[in-house]
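Undergrad: Compact mmCIF, C-alpha atoms and all ligand atoms, saved as entry-v8.txt, coming up:
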```txt
# COMPACT_ATOMS: atom_id res chain seq x y z
CA MET A 207 -96.38 128.97 -98.40
CA PRO A 208 -100.11 129.37 -99.01
CA SER A 209 -101.02 130.77 -102.39
CA LYS A 210 -104.35 132.24 -103.38
CA PRO A 211 -106.10 130.49 -106.24
CA SER A 212 -106.72 132.83 -109.13
CA SER A 213 -110.25 133.81 -110.12
CA ILE A 214 -109.87 131.74 -113.28
CA ASP A 215 -109.17 128.63 -111.19
CA LEU A 216 -112.23 129.35 -109.07
CA ALA A 217 -114.44 129.83 -112.13
CA ASP A 218 -113.11 126.59 -113.59
CA ALA A 219 -113.76 124.73 -110.35
CA ALA A 220 -117.27 126.19 -110.10
CA SER A 221 -118.21 125.30 -113.65
CA GLU A 222 -116.78 121.82 -113.15
CA LEU A 223 -118.87 121.44 -110.00
CA MET A 224 -121.98 122.63 -111.84
CA LYS A 225 -121.38 120.16 -114.64
CA GLY A 226 -120.86 117.43 -112.10
CA VAL A 227 -124.16 118.28 -110.36
CA ALA A 228 -125.98 118.52 -113.69
CA GLY A 229 -124.49 115.18 -114.69
CA TRP A 230 -125.63 113.47 -111.50
CA LEU A 231 -129.11 115.03 -111.81
CA LEU A 232 -129.41 113.69 -115.34
CA ILE A 233 -128.25 110.27 -114.19
CA GLY A 234 -130.72 110.35 -111.27
CA LEU A 235 -133.61 111.34 -113.56
CA GLY A 236 -132.53 108.69 -116.03
CA VAL A 237 -132.44 105.94 -113.41
CA ALA A 238 -135.85 107.00 -112.04
CA GLY A 239 -137.29 107.02 -115.57
CA LEU A 240 -135.71 103.66 -116.31
CA LEU A 241 -137.29 102.10 -113.22
CA SER A 242 -140.79 103.52 -113.79
CA GLY A 243 -140.54 102.85 -117.52
CA THR A 244 -139.61 99.19 -117.12
CA GLY A 245 -142.37 98.85 -114.52
CA GLY A 246 -144.79 100.26 -117.09
CA ILE A 247 -143.54 97.88 -119.77
CA VAL A 248 -144.15 94.91 -117.48
CA GLN A 249 -147.66 96.16 -116.64
CA GLN A 250 -148.65 97.12 -120.18
CA ALA A 251 -147.03 94.14 -121.88
CA GLY A 252 -149.11 92.97 -124.81
CA THR A 253 -151.32 96.07 -124.94
CA ALA A 254 -151.12 99.10 -127.24
CA ASP A 255 -150.23 101.30 -124.23
CA ILE A 256 -146.75 99.81 -124.15
CA ILE A 257 -145.45 102.62 -126.41
CA ALA A 258 -145.49 105.20 -123.59
CA PRO A 259 -143.27 103.27 -121.13
CA VAL A 260 -140.96 102.24 -123.97
CA LEU A 261 -140.52 105.94 -124.82
CA VAL A 262 -139.87 106.71 -121.15
CA VAL A 263 -137.14 104.05 -121.06
CA GLY A 264 -135.63 105.43 -124.27
CA PHE A 265 -135.45 108.96 -122.85
CA ALA A 266 -134.15 107.62 -119.54
CA ILE A 267 -131.23 105.94 -121.34
CA LEU A 268 -130.54 109.18 -123.22
CA PHE A 269 -130.56 111.07 -119.88
CA ILE A 270 -128.08 108.64 -118.33
CA ILE A 271 -125.73 108.80 -121.32
CA SER A 272 -125.78 112.61 -121.45
CA GLY A 273 -125.38 112.69 -117.66
CA VAL A 274 -122.21 110.61 -117.95
CA LEU A 275 -120.89 112.71 -120.84
CA VAL A 276 -121.52 116.06 -119.12
CA ASN A 277 -119.83 114.95 -115.88
CA PRO A 278 -116.18 116.06 -115.97
CA ARG A 279 -115.07 113.14 -113.81
CA PHE A 280 -116.60 110.57 -116.11
CA ARG A 281 -115.41 112.42 -119.18
CA ARG A 282 -111.84 112.35 -117.95
CA ARG A 283 -112.20 108.64 -117.39
CA LEU A 284 -113.54 108.14 -120.88
CA ASP A 285 -110.62 110.18 -122.19
CA ARG A 286 -108.25 107.83 -120.40
CA ARG A 287 -109.88 104.69 -121.69
CA HIS A 288 -107.90 101.80 -123.05
CA ARG A 289 -108.66 99.25 -125.72
CA PRO A 290 -112.23 97.87 -125.33
CA SER A 291 -110.75 94.40 -124.84
CA ARG A 292 -109.02 95.48 -121.61
CA PHE A 293 -110.38 94.07 -118.35
CA GLY A 294 -108.90 94.03 -114.85
CA ARG A 295 -105.95 95.92 -113.38
CA VAL A 296 -104.09 98.25 -115.67
CA LYS A 297 -101.02 100.27 -114.76
CA THR A 298 -100.45 103.59 -116.42
CA ALA A 299 -97.69 106.14 -116.20
CA GLU A 300 -98.53 109.63 -117.29
CA ASN A 301 -96.17 112.51 -117.80
CA ARG A 302 -97.25 116.07 -117.61
CA THR A 303 -95.48 119.33 -117.13
CA ARG A 304 -96.23 121.60 -114.23
CA SER A 305 -96.29 125.19 -115.28
CA ALA A 306 -95.30 128.12 -113.09
CA THR A 307 -98.92 129.37 -113.17
CA GLU A 308 -99.99 126.46 -110.97
CA GLY A 309 -98.62 128.35 -107.98
CA LYS A 310 -97.61 125.87 -105.29
CA ARG A 311 -94.01 124.74 -105.05
CA GLU A 312 -93.51 121.00 -104.97
CA PRO A 313 -90.57 119.20 -103.47
CA CYS A 314 -88.52 117.24 -105.98
CA VAL A 315 -88.59 113.49 -105.26
CA VAL A 316 -84.86 113.19 -105.96
CA CYS A 317 -83.13 116.16 -104.37
CA GLY A 318 -85.96 117.62 -102.27
CA SER A 319 -85.58 121.15 -103.56
CA ARG A 320 -88.83 122.96 -104.10
CA SER A 321 -89.66 124.18 -107.54
CA LYS A 322 -92.67 125.57 -109.37
CA GLU A 323 -91.92 124.15 -112.75
CA GLY A 324 -90.97 120.70 -113.87
CA PRO A 325 -92.32 117.38 -115.06
CA VAL A 326 -94.71 115.33 -112.96
CA ARG A 327 -94.91 111.62 -113.45
CA ARG A 328 -98.14 110.03 -112.29
CA TYR A 329 -98.35 106.32 -111.70
CA ARG A 330 -101.82 104.97 -111.59
CA GLN A 331 -103.19 101.53 -111.06
CA GLU A 332 -106.81 101.21 -111.97
CA TYR A 333 -109.47 98.65 -112.50
CA VAL A 334 -110.67 98.64 -116.08
CA VAL A 335 -113.85 97.14 -117.52
CA ALA A 336 -114.15 97.09 -121.31
CA GLY A 337 -111.36 99.64 -121.50
CA VAL A 338 -113.04 102.20 -119.23
CA PRO A 339 -111.31 102.83 -115.88
CA LEU A 340 -114.01 102.27 -113.25
CA TRP A 341 -111.97 102.90 -110.14
CA THR A 342 -108.48 103.85 -109.17
CA ILE A 343 -106.64 101.32 -107.01
CA SER A 344 -103.61 103.47 -106.31
CA GLU A 345 -102.14 106.71 -107.49
CA LYS A 346 -98.76 108.28 -106.95
CA HIS A 347 -97.26 111.55 -108.10
CA ASN A 348 -93.57 112.09 -108.55
CA PHE A 349 -92.42 115.61 -109.11
CA TYR A 350 -88.99 116.37 -110.54
CA CYS A 351 -87.25 119.70 -110.47
CA PRO A 352 -85.89 120.75 -113.86
CA ASP A 353 -82.34 119.81 -112.80
CA CYS A 354 -83.15 116.24 -111.83
CA ALA A 355 -85.73 115.77 -114.56
CA LEU A 356 -83.25 115.28 -117.38
CA ALA A 357 -81.12 112.71 -115.61
CA GLU A 358 -83.99 110.89 -113.95
CA LEU A 359 -86.55 110.74 -116.74
CA SER A 360 -84.07 109.83 -119.45
CA GLY A 361 -82.84 107.04 -117.17
CA TYR A 362 -86.39 105.76 -116.87
CA SER A 363 -87.10 105.68 -120.56
CA THR A 364 -83.96 103.70 -121.36
CA GLY A 365 -83.88 101.47 -118.28
CA SER A 366 -87.47 100.38 -117.95
CA THR A 367 -88.81 97.39 -119.78
CA ASP A 368 -92.28 98.50 -120.66
CA GLU A 369 -94.84 95.85 -121.15
CA SER A 370 -97.76 96.54 -123.42
CA ASP A 371 -99.61 96.98 -120.13
CA THR A 372 -98.12 100.34 -119.47
CA ALA A 373 -99.78 102.98 -121.52
CA LYS A 374 -97.82 106.14 -121.77
CA ARG A 375 -99.22 109.50 -122.47
CA THR A 376 -97.80 112.94 -122.34
CA ILE A 377 -100.10 115.64 -121.21
CA THR A 378 -98.77 119.11 -121.39
CA GLU A 379 -100.95 121.52 -119.53
CA THR A 380 -100.91 125.05 -120.73
CA GLU A 381 -102.83 127.89 -119.23
ZN ZN B 1 -84.37 117.68 -107.96
```
How does the structure come out when it is put into structure tokens?

TA:
Amino acid sequence: MPSKPSSIDLADAASELMKGVAGWLLIGLGVAGLLSGTGGIVQQAGTADIIAPVLVVGFAILFIISGVLVNPRFRRRLDRRHRPSRFGRVKTAENRTRSATEGKREPCVVCGSRSKEGPVRRYRQEYVVAGVPLWTISEKHNFYCPDCALAELSGYSTGSTDESDTAKRTITETE
């Protein structure tokens, strides 16, 4: 059953795209400035003219940082970060609740019945450097209809032996 995305969704997607483009532009400018600035520092080393390339490098770093912060994809990653001492593979399980406004019906992983509302459990394995997830190794979504959710999710929380590795977060999305 195809469902039309609402105008709000489209506006959100467009603004997210714009922020992403702006973020990459800032990062691109920053990298270009960083390269020419460091080149200038090498050339002007020991002379009074070194201030100009040093300023360029300073602004370039600011551009890169603001580019990363404005980019929704990077921001989400920063929001998901772990302790700064974390390196390597990290497994996370995230719970969120699908609301009826999201439109599409999802099949329940237990009974197969399609439902609009219910909890979604997302398992993610990602590679983390200094607590920041750099790339996702694998991702899996499990959707539960409201009927199966109670039985299934309560079974998980009592039956699973969670290592400190598994960070749990509950994200409730409201429109
Ligand atoms: Zn079900």

Undergrad: Compute the set of protein, DNA and RNA residues whose minimum atom distance to ligand ZN 1 (chain B) is at most 12 Å, using only C-alpha atoms and all ligand atoms, and state it as a compact mmCIF listing (two decimals) with C-alpha atoms, in the frame of the given file.

TA:
```txt
# COMPACT_ATOMS: atom_id res chain seq x y z
CA GLU A 312 -93.51 121.00 -104.97
CA PRO A 313 -90.57 119.20 -103.47
CA CYS A 314 -88.52 117.24 -105.98
CA VAL A 315 -88.59 113.49 -105.26
CA VAL A 316 -84.86 113.19 -105.96
CA CYS A 317 -83.13 116.16 -104.37
CA GLY A 318 -85.96 117.62 -102.27
CA SER A 319 -85.58 121.15 -103.56
CA ARG A 320 -88.83 122.96 -104.10
CA SER A 321 -89.66 124.18 -107.54
CA LYS A 322 -92.67 125.57 -109.37
CA GLU A 323 -91.92 124.15 -112.75
CA GLY A 324 -90.97 120.70 -113.87
CA PRO A 325 -92.32 117.38 -115.06
CA VAL A 326 -94.71 115.33 -112.96
CA ASN A 348 -93.57 112.09 -108.55
CA PHE A 349 -92.42 115.61 -109.11
CA TYR A 350 -88.99 116.37 -110.54
CA CYS A 351 -87.25 119.70 -110.47
CA PRO A 352 -85.89 120.75 -113.86
CA ASP A 353 -82.34 119.81 -112.80
CA CYS A 354 -83.15 116.24 -111.83
CA ALA A 355 -85.73 115.77 -114.56
CA LEU A 356 -83.25 115.28 -117.38
CA ALA A 357 -81.12 112.71 -115.61
CA GLU A 358 -83.99 110.89 -113.95
CA LEU A 359 -86.55 110.74 -116.74
```

Undergrad: At a cut-off of 7 Å from (-103.7, 99.2, -112.6) in the coordinates of the file, what residues are picked up using only C-alpha atoms, written as an mmCIF file with C-alpha atoms, in the coordinates of the input?

TA:
```cif
data_model
loop_
_atom_site.group_PDB
_atom_site.id
_atom_site.type_symbol
_atom_site.label_atom_id
_atom_site.label_comp_id
_atom_site.auth_asym_id
_atom_site.auth_seq_id
_atom_site.Cartn_x
_atom_site.Cartn_y
_atom_site.Cartn_z
ATOM 1 C CA ARG A 295 -105.950 95.920 -113.380
ATOM 2 C CA VAL A 296 -104.090 98.250 -115.670
ATOM 3 C CA LYS A 297 -101.020 100.270 -114.760
ATOM 4 C CA THR A 298 -100.450 103.590 -116.420
ATOM 5 C CA ARG A 330 -101.820 104.970 -111.590
ATOM 6 C CA GLN A 331 -103.190 101.530 -111.060
ATOM 7 C CA GLU A 332 -106.810 101.210 -111.970
ATOM 8 C CA TYR A 333 -109.470 98.650 -112.500
ATOM 9 C CA ILE A 343 -106.640 101.320 -107.010
#
```

Undergrad: Would you mind listing, for every residue of stretch 239-305 of chain A within 7 Å of stretch 334-339 of chain A, the two atoms forming the shortest contact and the distance between them in Å to one decimal, using all atoms listed in the file, sorted by chain and ascending residue number, as a Markdown table?

TA:
```
| residue | atom | partner | partner_atom | distance |
| --- | --- | --- | --- | --- |
| A:Arg283 | CA | A:Pro339 | CA | 6.1 |
| A:Leu284 | CA | A:Val338 | CA | 6.2 |
| A:Arg287 | CA | A:Val338 | CA | 4.7 |
| A:His288 | CA | A:Gly337 | CA | 4.4 |
| A:Arg289 | CA | A:Gly337 | CA | 5.0 |
| A:Pro290 | CA | A:Gly337 | CA | 4.3 |
| A:Ser291 | CA | A:Ala336 | CA | 5.6 |
| A:Arg292 | CA | A:Gly337 | CA | 4.8 |
| A:Phe293 | CA | A:Val335 | CA | 4.7 |
| A:Gly294 | CA | A:Val334 | CA | 5.1 |
| A:Arg295 | CA | A:Val334 | CA | 6.1 |
| A:Val296 | CA | A:Val334 | CA | 6.6 |
```

Undergrad: Please determine, counting all atoms listed in the file, which residue among A:Val227, A:Ala219, A:Leu240, A:Ile214 has the shortest atom-to-atom distance to A:Val274.

TA: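 Using all atoms listed in the file, A:Val274 sits closest to A:Val227.
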
Undergrad: Within 10 Å of (-99.0, 111.1, -109.5) (coordinates as in the file), grab all the protein and nucleic acid residues, counting all atoms listed in the file, and write them out as number ranges by chain.

TA: A: 299-302, 326-330, 344-349

Undergrad: Figure out the distance between atom CA of A:Ala266 and atom CA of A:Thr342, please, to one decimal in Å.

TA: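 Interatomic distance here is 27.9 Å.
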
Undergrad: Which residue out of A:Arg279, A:Trp341, A:Arg304, A:Arg311 has the minimum interatomic distance to A:Gly229 when all atoms listed in the file are used?

TA: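 The closest residue to A:Gly229 is A:Arg279.
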
Undergrad: Can you tell me, as a PyMOL selection string, what residues are no more than 6 Å from stretch 253-263 of chain A when counting all atoms listed in the file, ignoring any on the same chain fewer than 4 positions away?

TA: chain A and resi 240+243+246-247

Undergrad: Step by step, gather every atom of stretch 332-338 of chain A that the file lists, find the box along x, y and z that holds them, add 6 Å on each side, and finally give centre and edge lengths in Å to one decimal, as AutoDock Vina command-line options.

TA:
```
--center_x -110.5 --center_y 99.6 --center_z -116.7 --size_x 19.3 --size_y 17.1 --size_z 21.5
```

Undergrad: Between atom CA of A:Gly252 and atom CA of A:Gly234, what is the distance in Å, rounded to a tenth?

TA: 28.7 Å
